[in-house]
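J.: entry-v1.cif is reproduced below (mmCIF, C-alpha atoms).
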data_protein
#
loop_
_atom_site.label_atom_id
_atom_site.label_comp_id
_atom_site.auth_asym_id
_atom_site.auth_seq_id
_atom_site.Cartn_x
_atom_site.Cartn_y
_atom_site.Cartn_z
CA MET S 1 50.27 -49.50 -0.52
CA THR S 2 47.67 -51.44 -2.46
CA GLY S 3 45.36 -53.93 -0.81
CA ARG S 4 47.18 -56.79 -2.44
CA ALA S 5 50.56 -55.53 -1.23
CA SER S 6 49.39 -55.14 2.35
CA ALA S 7 47.91 -58.63 2.23
CA ARG S 8 51.31 -59.86 1.08
CA CYS S 9 52.78 -58.37 4.28
CA LEU S 10 50.02 -59.41 6.65
CA LEU S 11 49.68 -63.00 5.59
CA PRO S 12 53.22 -64.17 6.35
CA GLY S 13 53.02 -62.59 9.83
CA ALA S 14 49.73 -64.25 10.65
CA ALA S 15 50.97 -67.51 9.19
CA ALA S 16 54.16 -67.31 11.24
CA ALA S 17 52.11 -66.65 14.38
CA LEU S 18 49.80 -69.58 13.71
CA LEU S 19 52.74 -71.84 12.98
CA LEU S 20 54.41 -70.84 16.25
CA LEU S 21 51.18 -71.21 18.24
CA SER S 22 50.49 -74.65 16.89
CA SER S 23 53.90 -75.72 18.18
CA LEU S 24 53.43 -74.21 21.65
CA PRO S 25 52.79 -76.76 24.38
CA ALA S 26 49.13 -76.89 25.41
CA ALA S 27 48.40 -76.04 29.02
CA ALA S 28 47.32 -78.70 31.48
CA GLU S 29 44.83 -77.59 34.09
CA TYR S 30 46.44 -76.01 37.15
CA ALA S 31 47.69 -78.67 39.60
CA ASP S 32 47.29 -81.66 37.29
CA VAL S 33 49.72 -84.36 38.43
CA VAL S 34 51.20 -86.87 36.01
CA ILE S 35 52.18 -90.15 37.69
CA ASN S 36 54.49 -92.29 35.63
CA ARG S 37 56.64 -94.17 38.09
CA GLN S 38 55.68 -97.53 36.66
CA SER S 39 53.11 -97.02 33.91
CA ASP S 40 55.41 -96.68 30.90
CA ARG S 41 57.49 -99.68 31.74
CA ASN S 42 54.37 -101.75 32.29
CA GLY S 43 52.92 -100.78 28.93
CA VAL S 44 50.04 -98.58 30.10
CA ARG S 45 49.47 -94.85 29.76
CA PRO S 46 50.66 -92.69 32.68
CA VAL S 47 48.06 -91.56 35.22
CA VAL S 48 46.76 -87.99 35.13
CA PHE S 49 45.51 -86.96 38.56
CA PRO S 50 43.40 -83.78 38.31
CA HIS S 51 43.36 -81.90 41.63
CA TRP S 52 40.49 -79.69 40.41
CA PHE S 53 38.19 -82.67 39.88
CA HIS S 54 38.95 -84.18 43.27
CA ARG S 55 38.75 -81.01 45.36
CA ILE S 56 35.20 -80.35 44.19
CA ARG S 57 34.34 -83.65 45.88
CA PHE S 58 36.86 -83.97 48.72
CA ARG S 59 38.81 -81.60 50.93
CA CYS S 60 42.61 -81.82 50.84
CA LYS S 61 42.64 -83.41 54.31
CA VAL S 62 40.86 -86.56 53.12
CA CYS S 63 43.73 -87.67 50.90
CA HIS S 64 46.61 -85.83 52.55
CA ALA S 65 45.73 -86.64 56.17
CA GLU S 66 43.40 -89.66 56.26
CA LEU S 67 44.80 -91.58 53.29
CA GLY S 68 48.42 -90.64 53.81
CA PHE S 69 49.34 -89.08 50.46
CA ARG S 70 52.45 -86.95 50.95
CA MET S 71 52.12 -83.44 49.52
CA LYS S 72 54.97 -83.86 47.11
CA ALA S 73 54.90 -85.11 43.56
CA GLY S 74 56.96 -88.27 43.60
CA GLY S 75 56.71 -88.64 47.36
CA ASN S 76 54.24 -91.50 47.16
CA SER S 77 55.20 -94.95 45.98
CA ILE S 78 51.88 -96.50 45.07
CA ASN S 79 51.22 -99.69 43.15
CA MET S 80 48.06 -101.26 41.81
CA THR S 81 48.09 -104.01 44.45
CA GLU S 82 47.69 -101.42 47.20
CA ILE S 83 44.92 -99.66 45.28
CA ILE S 84 43.02 -102.92 44.67
CA GLU S 85 43.38 -103.71 48.38
CA GLY S 86 41.67 -100.42 49.21
CA ARG S 87 44.55 -98.16 50.14
CA TYR S 88 45.42 -94.76 48.64
CA CYS S 89 43.28 -94.23 45.47
CA GLY S 90 41.55 -97.50 46.30
CA ALA S 91 39.91 -96.00 49.38
CA CYS S 92 37.42 -94.38 46.97
CA HIS S 93 38.10 -96.08 43.66
CA ASN S 94 36.34 -99.26 44.75
CA ASN S 95 33.22 -99.20 42.60
CA ASP S 96 31.38 -97.68 45.56
CA ILE S 97 32.45 -94.05 46.02
CA ALA S 98 34.17 -93.83 42.65
CA TRP S 99 34.84 -96.08 39.67
CA SER S 100 36.68 -99.32 40.31
CA PRO S 101 40.35 -100.04 39.52
CA GLU S 102 39.18 -102.18 36.64
CA ARG S 103 38.39 -99.03 34.66
CA CYS S 104 42.08 -98.69 33.79
CA ASP S 105 41.69 -96.13 31.01
CA LEU S 106 39.92 -93.50 33.07
CA CYS S 107 42.98 -92.92 35.28
CA HIS S 108 45.69 -94.16 32.91
CA SER S 109 44.76 -91.49 30.40
CA GLY S 110 48.02 -89.59 29.94
CA LYS S 111 50.31 -89.28 26.94
CA PRO S 112 52.81 -92.15 26.87
CA GLY S 113 56.30 -91.07 27.87
CA LEU S 114 55.22 -88.01 29.84
CA PRO S 115 57.51 -87.45 32.86
CA SER S 116 55.97 -87.46 36.34
CA GLY S 117 55.33 -84.18 38.09
CA VAL S 118 52.93 -81.32 38.75
CA TYR S 119 51.73 -79.73 35.51
CA GLY S 120 49.47 -76.83 34.71
CA GLY S 121 51.66 -73.80 35.19
CA HIS S 122 52.84 -74.19 38.75
CA GLU S 123 54.96 -71.20 39.67
CA THR S 124 57.66 -72.82 41.74
CA SER S 125 60.16 -75.53 41.04
CA GLY S 126 59.49 -77.21 44.35
CA PRO S 127 56.44 -79.45 44.50
CA GLY S 128 56.72 -80.23 40.81
CA ARG S 129 60.24 -81.57 41.18
CA TRP S 130 60.17 -85.32 40.92
CA MET K 1 56.26 -54.23 9.57
CA ARG K 2 52.60 -55.11 9.05
CA GLY K 3 53.55 -58.76 9.16
CA LEU K 4 55.10 -58.15 12.56
CA ILE K 5 51.95 -56.36 13.76
CA ALA K 6 49.77 -59.25 12.57
CA PHE K 7 52.12 -61.64 14.37
CA VAL K 8 51.86 -59.72 17.65
CA VAL K 9 48.08 -59.33 17.35
CA CYS K 10 47.63 -63.08 16.79
CA LEU K 11 49.96 -63.87 19.68
CA SER K 12 48.19 -61.56 22.14
CA ALA K 13 44.76 -62.78 21.02
CA TYR K 14 45.91 -66.32 21.67
CA SER K 15 47.19 -65.48 25.17
CA VAL K 16 43.85 -63.81 26.02
CA VAL K 17 42.03 -66.94 24.85
CA LEU K 18 44.38 -69.11 26.93
CA ALA K 19 43.92 -67.01 30.07
CA GLY K 20 40.15 -67.13 29.93
CA GLU K 21 39.60 -70.71 28.88
CA TRP K 22 39.72 -74.18 30.29
CA LEU K 23 41.20 -76.34 27.58
CA PRO K 24 39.43 -79.54 26.55
CA LEU K 25 41.24 -82.57 27.98
CA ALA K 26 42.13 -83.77 24.50
CA ARG K 27 44.12 -80.58 23.90
CA ASP K 28 45.65 -80.00 27.35
CA GLY K 29 49.01 -81.56 26.55
CA VAL K 30 48.90 -84.24 29.26
CA HIS K 31 45.94 -86.41 28.24
CA ASP K 32 46.31 -88.77 25.32
CA PRO K 33 43.64 -87.71 22.81
CA ARG K 34 43.66 -91.27 21.43
CA GLY K 35 43.02 -92.84 24.84
CA PRO K 36 39.68 -94.59 25.33
CA GLY K 37 39.00 -92.72 28.58
CA ILE K 38 39.11 -89.24 27.11
CA LYS K 39 35.44 -89.12 26.10
CA GLN K 40 34.18 -90.21 29.51
CA LEU K 41 36.18 -87.91 31.77
CA GLN K 42 34.61 -84.68 33.01
CA GLN K 43 35.86 -81.60 31.17
CA PRO K 44 37.32 -78.81 33.37
CA ARG K 45 35.04 -76.23 31.76
CA ASP K 46 31.88 -78.19 32.62
CA ALA K 47 32.73 -78.17 36.31
CA LEU K 48 34.77 -75.01 36.84
CA SER K 49 32.79 -72.50 34.79
CA ARG K 50 29.92 -72.79 37.30
CA LEU K 51 32.07 -71.67 40.26
CA ILE K 52 33.07 -68.20 41.48
CA PRO K 53 35.66 -67.05 38.95
CA ASP K 54 39.25 -66.11 39.61
CA THR K 55 42.04 -64.77 37.40
CA ALA K 56 44.72 -67.26 38.45
CA GLY K 57 45.24 -70.97 39.05
CA ASN K 58 42.15 -72.99 38.14
CA GLN K 59 40.33 -69.66 37.63
CA VAL K 60 38.14 -70.56 40.58
CA ARG K 61 37.93 -68.92 44.01
CA TRP K 62 38.06 -72.23 45.83
CA VAL K 63 37.69 -70.80 49.34
CA GLN K 64 34.67 -68.72 48.37
CA ALA K 65 33.12 -71.56 46.37
CA LEU K 66 33.30 -73.67 49.52
CA GLU K 67 32.00 -70.94 51.82
CA LYS K 68 29.06 -70.15 49.55
CA GLY K 69 28.14 -73.81 49.24
CA GLU K 70 28.80 -74.01 45.49
CA ILE K 71 30.79 -77.13 46.26
CA GLN K 72 30.32 -79.54 49.16
CA PRO K 73 33.53 -81.56 49.31
CA ARG K 74 33.55 -84.40 51.86
CA GLU K 75 35.60 -83.84 54.99
CA LYS K 76 36.40 -87.45 55.84
CA LEU K 77 36.03 -91.04 54.74
CA ASN K 78 36.35 -92.73 58.12
CA PRO K 79 33.46 -91.75 60.42
CA ALA K 80 35.85 -91.88 63.38
CA THR K 81 38.18 -89.21 61.98
CA ARG K 82 38.14 -86.09 64.11
CA ILE K 83 37.63 -82.87 62.15
CA ARG K 84 39.81 -80.12 63.55
CA LYS K 85 39.25 -76.46 62.71
CA LEU K 86 40.72 -73.28 64.10
CA ASP K 87 39.58 -69.68 63.72
CA GLN K 88 42.71 -67.72 64.44
CA ASP K 89 44.68 -65.25 62.33
CA ILE K 90 48.46 -65.07 62.50
CA ILE K 91 50.17 -61.85 61.38
CA LEU K 92 53.55 -62.50 59.80
CA ASP K 93 56.35 -60.47 58.27
CA VAL K 94 55.59 -57.54 60.51
CA ASN K 95 58.96 -55.85 59.95
CA GLY K 96 59.51 -56.57 56.24
CA GLY K 97 59.31 -54.20 53.29
CA MET K 98 56.03 -55.65 51.99
CA PRO K 99 52.62 -55.23 53.57
CA ALA K 100 52.37 -57.70 56.45
CA VAL K 101 50.90 -61.16 55.92
CA ARG K 102 47.62 -62.23 57.47
CA PHE K 103 47.49 -66.00 57.69
CA PRO K 104 43.90 -67.09 58.40
CA HIS K 105 43.68 -70.52 60.06
CA ARG K 106 39.95 -70.65 59.45
CA GLN K 107 40.06 -70.89 55.66
CA HIS K 108 43.06 -73.22 55.75
CA THR K 109 41.51 -75.66 58.24
CA GLU K 110 38.36 -75.89 56.15
CA TRP K 111 40.51 -77.71 53.60
CA LEU K 112 43.44 -79.05 55.58
CA ASP K 113 44.14 -80.92 58.79
CA CYS K 114 46.55 -79.48 61.38
CA SER K 115 48.97 -82.33 60.63
CA ASN K 116 49.39 -81.19 57.02
CA CYS K 117 51.41 -78.19 58.23
CA HIS K 118 52.31 -78.92 61.87
CA GLU K 119 54.89 -79.81 63.02
CA GLY K 120 56.55 -80.61 59.70
CA LEU K 121 56.32 -77.50 57.53
CA PHE K 122 55.73 -75.10 60.40
CA ARG K 123 56.19 -75.29 64.16
CA SER K 124 52.93 -74.57 66.02
CA ARG K 125 54.51 -71.98 68.24
CA THR K 126 54.41 -68.54 66.61
CA GLY K 127 57.88 -67.21 65.78
CA GLU K 128 59.67 -70.56 65.92
CA THR K 129 59.70 -71.10 62.15
CA ARG K 130 61.68 -68.72 60.02
CA ILE K 131 59.54 -68.19 56.94
CA SER K 132 61.18 -66.91 53.78
CA MET K 133 59.99 -66.09 50.28
CA PHE K 134 63.13 -67.78 48.98
CA LEU K 135 62.01 -71.12 50.46
CA ILE K 136 58.40 -70.53 49.40
CA LEU K 137 59.50 -69.94 45.81
CA GLN K 138 61.45 -73.20 46.00
CA GLY K 139 58.21 -74.98 46.84
CA GLU K 140 58.80 -75.25 50.57
CA GLN K 141 56.62 -73.90 53.39
CA CYS K 142 53.58 -72.04 51.93
CA GLY K 143 54.94 -72.95 48.48
CA VAL K 144 54.07 -76.61 48.97
CA CYS K 145 50.51 -75.60 48.03
CA HIS K 146 50.66 -71.98 46.83
CA GLY K 147 52.11 -72.20 43.37
CA ALA K 148 51.05 -75.80 42.86
CA VAL K 149 47.42 -76.31 43.90
CA ALA K 150 46.36 -73.17 45.78
CA PHE K 151 46.47 -69.65 44.30
CA PRO K 152 49.91 -68.98 42.80
CA LEU K 153 52.74 -66.81 44.08
CA THR K 154 51.99 -64.08 41.57
CA GLU K 155 49.08 -63.00 43.78
CA CYS K 156 51.31 -61.13 46.30
CA VAL K 157 48.68 -59.02 48.02
CA ARG K 158 46.32 -61.86 48.80
CA CYS K 159 48.79 -62.85 51.52
CA HIS K 160 50.62 -59.55 51.99
CA SER K 161 47.32 -57.89 52.73
CA ILE K 162 47.96 -55.67 55.72
CA SER K 163 49.19 -52.20 54.90
CA ARG K 164 51.58 -50.65 57.34
CA GLN K 165 49.66 -47.39 57.40
CA PRO K 166 46.26 -48.02 58.97
CA GLY K 167 43.38 -47.03 56.73
CA GLN K 168 45.32 -47.34 53.47
CA ALA K 169 44.73 -49.96 50.83
CA PRO K 170 47.53 -52.49 50.59
CA GLU K 171 49.89 -51.81 47.73
CA VAL K 172 53.00 -53.47 46.42
CA PRO K 173 56.00 -51.24 47.09
CA GLY K 174 57.89 -49.99 44.04
CA GLY K 175 61.13 -51.71 45.03
CA VAL K 176 59.78 -55.25 44.67
CA ASN K 177 61.54 -57.18 41.96
CA PRO K 178 58.77 -58.70 39.81
CA LEU K 179 61.28 -61.16 38.33
CA MET K 180 61.29 -63.09 41.59
CA HIS K 181 57.92 -64.49 40.54
CA GLN K 182 59.09 -65.83 37.23
CA PRO K 183 59.63 -69.61 37.15
CA ALA K 184 63.34 -69.23 36.43
CA GLY K 185 63.85 -65.99 38.35
CA LYS K 186 65.97 -65.55 41.44
CA ALA K 187 64.88 -64.06 44.72
CA PRO K 188 66.48 -60.64 45.21
#
What's the structure tokens form of this structure?
T.:
Amino acid sequence: MTGRASARCLLPGAAAALLLLSSLPAAAEYADVVINRQSDRNGVRPVVFPHWFHRIRFRCKVCHAELGFRMKAGGNSINMTEIIEGRYCGACHNNDIAWSPERCDLCHSGKPGLPSGVYGGHETSGPGRW
Amino acid sequence: MRGLIAFVVCLSAYSVVLAGEWLPLARDGVHDPRGPGIKQLQQPRDALSRLIPDTAGNQVRWVQALEKGEIQPREKLNPATRIRKLDQDIILDVNGGMPAVRFPHRQHTEWLDCSNCHEGLFRSRTGETRISMFLILQGEQCGVCHGAVAFPLTECVRCHSISRQPGQAPEVPGGVNPLMHQPAGKAP
């Protein structure tokens, strides 16, 4: 087989692979949680909560014992009023420990229309079930 | 045929890249790359590549990173909150087909409070809660965290760590159905 002929065979394969790969869903970081109970219908981007970012700074018990977050995606009904009053996310996001609730875009940073749940390759269907 | 080989090579190269990389937020599929916050948020690679590496989950050995002081996560917000820790191992699944499970309270209570597991997910009294891989794979019991935020359920021997023959390295028996660890798989 000549070089040109083999290139004719190789190219479509590589092209097909690249085409397929570009259509594959990108992978969120393990344990990213998308929260979109109310965001979409209120015209803001859904919230992306990255567990990895928070657990560098806080142990699980701070949010899941002290602040009362249930360990189940969808198990917490939280609204901005509660956060601004200092509960849930607002216990830290108060412009003292972390950025204030006025910095909407830093938390509401998700793709519009994304369903709520645990993302990032979780292995079970349990905690990610909304 | 060569086209097929090129296809497979590209595909496997891509999966290797995926396994060893933390994707930029703008390409992770959940963040909106057009959002104004995307440039200000910390990138996973910037934080996680400095920590003890792992092959699963966030690719970080979180327990070791904490023990070695690579991270110093706060334990409480309210000064009055009592920090409760326990250094006690529980051996589970003593009669099963897999190596027995060593559950170390010490590592778990570094991160979690007693109330996160007791008495809801597990009764405090040893033997009172029937623990099953079927429930765990459904996201109950250990599966509330393992498979979602803690190391995933593909890492069998990290929990099933006690070989039945003393002195032998733990090994996964040949009869274990690996499909039970696929997202859509059924427990045998």
J.: What is the distance between atom CA of Val60 of chain K and atom CA of His93 of chain S, in Å to one decimal?
T.: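 We find that atom CA of Val60 of chain K and atom CA of His93 of chain S lie 25.7 Å from each other.
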J.: Quick one, how far is atom CA of Lys61 of chain S from atom CA of Val33 of chain S?
T.: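 About the pair atom CA of Lys61 of chain S and atom CA of Val33 of chain S: they are 17.4 Å apart.
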J.: Atom CA of Met98 of chain K to atom CA of Val149 of chain K: how many Å, to one decimal?
T.: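 Straight-line distance from atom CA of Met98 of chain K to atom CA of Val149 of chain K works out to 23.8 Å.
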J.: Could you tell me, as a PyMOL selection string, exactly which residues end up selected when the PyMOL selection byres ((chain K and resi 93) around 12) is applied to this structure?
T.: chain K and resi 90-92+94-103+126-127+129-133+159-164
J.: Which is closest to Ala148 of chain K among S:Met71, S:Ile97, S:Ile56, S:Leu114, if we use only C-alpha atoms?
T.: S:Met71
J.: The PyMOL selection byres ((chain S and resi 104) around 10) - which residues does that actually catch in the file I just gave you? List them as a PyMOL selection string.
T.: (chain S and resi 44-45+47+99-103+105-109) or (chain K and resi 36-37)
J.: Tell me which residues the PyMOL selection byres ((chain K and resi 28) around 9) grabs here, as a PyMOL selection string.
T.: (chain S and resi 25-29+120) or (chain K and resi 22-27+29-31)
J.: Using only C-alpha atoms, which of the listed residues (K:Cys142, K:Leu51, K:Leu77, K:Leu41) sits closest to Val62 of chain S?
T.: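 Closest candidate: K:Leu77.
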J.: Given all atoms listed in the file as the basis, pick out the residue of K:Leu112, K:Cys145, K:Ala150, K:Ile52 nearest to chain S.
T.: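 Ranked by minimum distance to chain S, first place goes to K:Leu112.
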J.: Nearest residue to chain S out of K:Arg82, K:Lys76, K:Lys68, K:Arg50, using all atoms listed in the file?
T.: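 Comparing K:Arg82, K:Lys76, K:Lys68, K:Arg50 against chain S, the winner is K:Lys76.
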J.: My list of candidates is K:Leu48, K:Cys156, K:Val144, K:Leu66. Which is closest to Arg70 of chain S when distances are computed with all atoms listed in the file?
T.: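 Of K:Leu48, K:Cys156, K:Val144, K:Leu66, the one nearest Arg70 of chain S, counting all atoms listed in the file, is K:Val144.
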J.: My list of candidates is K:His118, K:Arg74, K:Arg45, K:Lys39. Which is closest to chain S when distances are computed with all atoms listed in the file?
T.: K:Arg74
J.: Give me the residues within 7 Å of Arg59 of chain S as a compact mmCIF listing (two decimals) with C-alpha atoms, in the coordinates of the input, counting all atoms listed in the file and dropping any in the same chain fewer than 6 places off.
T.:
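File out33.txt, as written:
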# COMPACT_ATOMS: atom_id res chain seq x y z
CA PRO K 73 33.53 -81.56 49.31
CA ARG K 74 33.55 -84.40 51.86
CA GLU K 75 35.60 -83.84 54.99
CA TRP K 111 40.51 -77.71 53.60
J.: Excluding Ser49 of chain K and residues on its chain fewer than 5 positions from it, collect all residues at most 12 Å away from it, counting all atoms listed in the file, and give them as a list in words.
T.: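 Neighbouring residues, sequence-local ones excluded: Trp52 of chain S; Gly20, Glu21, Trp22, Leu23, Gln43, Pro44, Asp54, Asn58, Gln59, Val60, Arg61, Ala65 and Glu70 of chain K.
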J.: Can you tell me which residues surround Arg37 of chain S at a distance of at most 10 Å, considering all atoms listed in the file, apart from same-chain residues fewer than 4 positions away, and format the answer as a PyMOL selection string?
T.: chain S and resi 41-42+46-47+74+76-79+115-116+130
J.: Can you tell me, as a ChimeraX atom specification, what residues are no more than 8 Å from Gln141 of chain K when counting only C-alpha atoms, ignoring any on the same chain fewer than 5 positions away?
T.: /K:121-122,131,135-136
J.: Could you name the residues that touch Leu86 of chain K at 10 Å or less, counting all atoms listed in the file, but leaving out those on the same chain fewer than 3 positions away, as a list in words?
T.: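 Within the cut-off, the hits are Asp89, Pro104, His105, Arg106, Gln107, His108, Thr109, Glu110, Asp113 and Cys114 of chain K.
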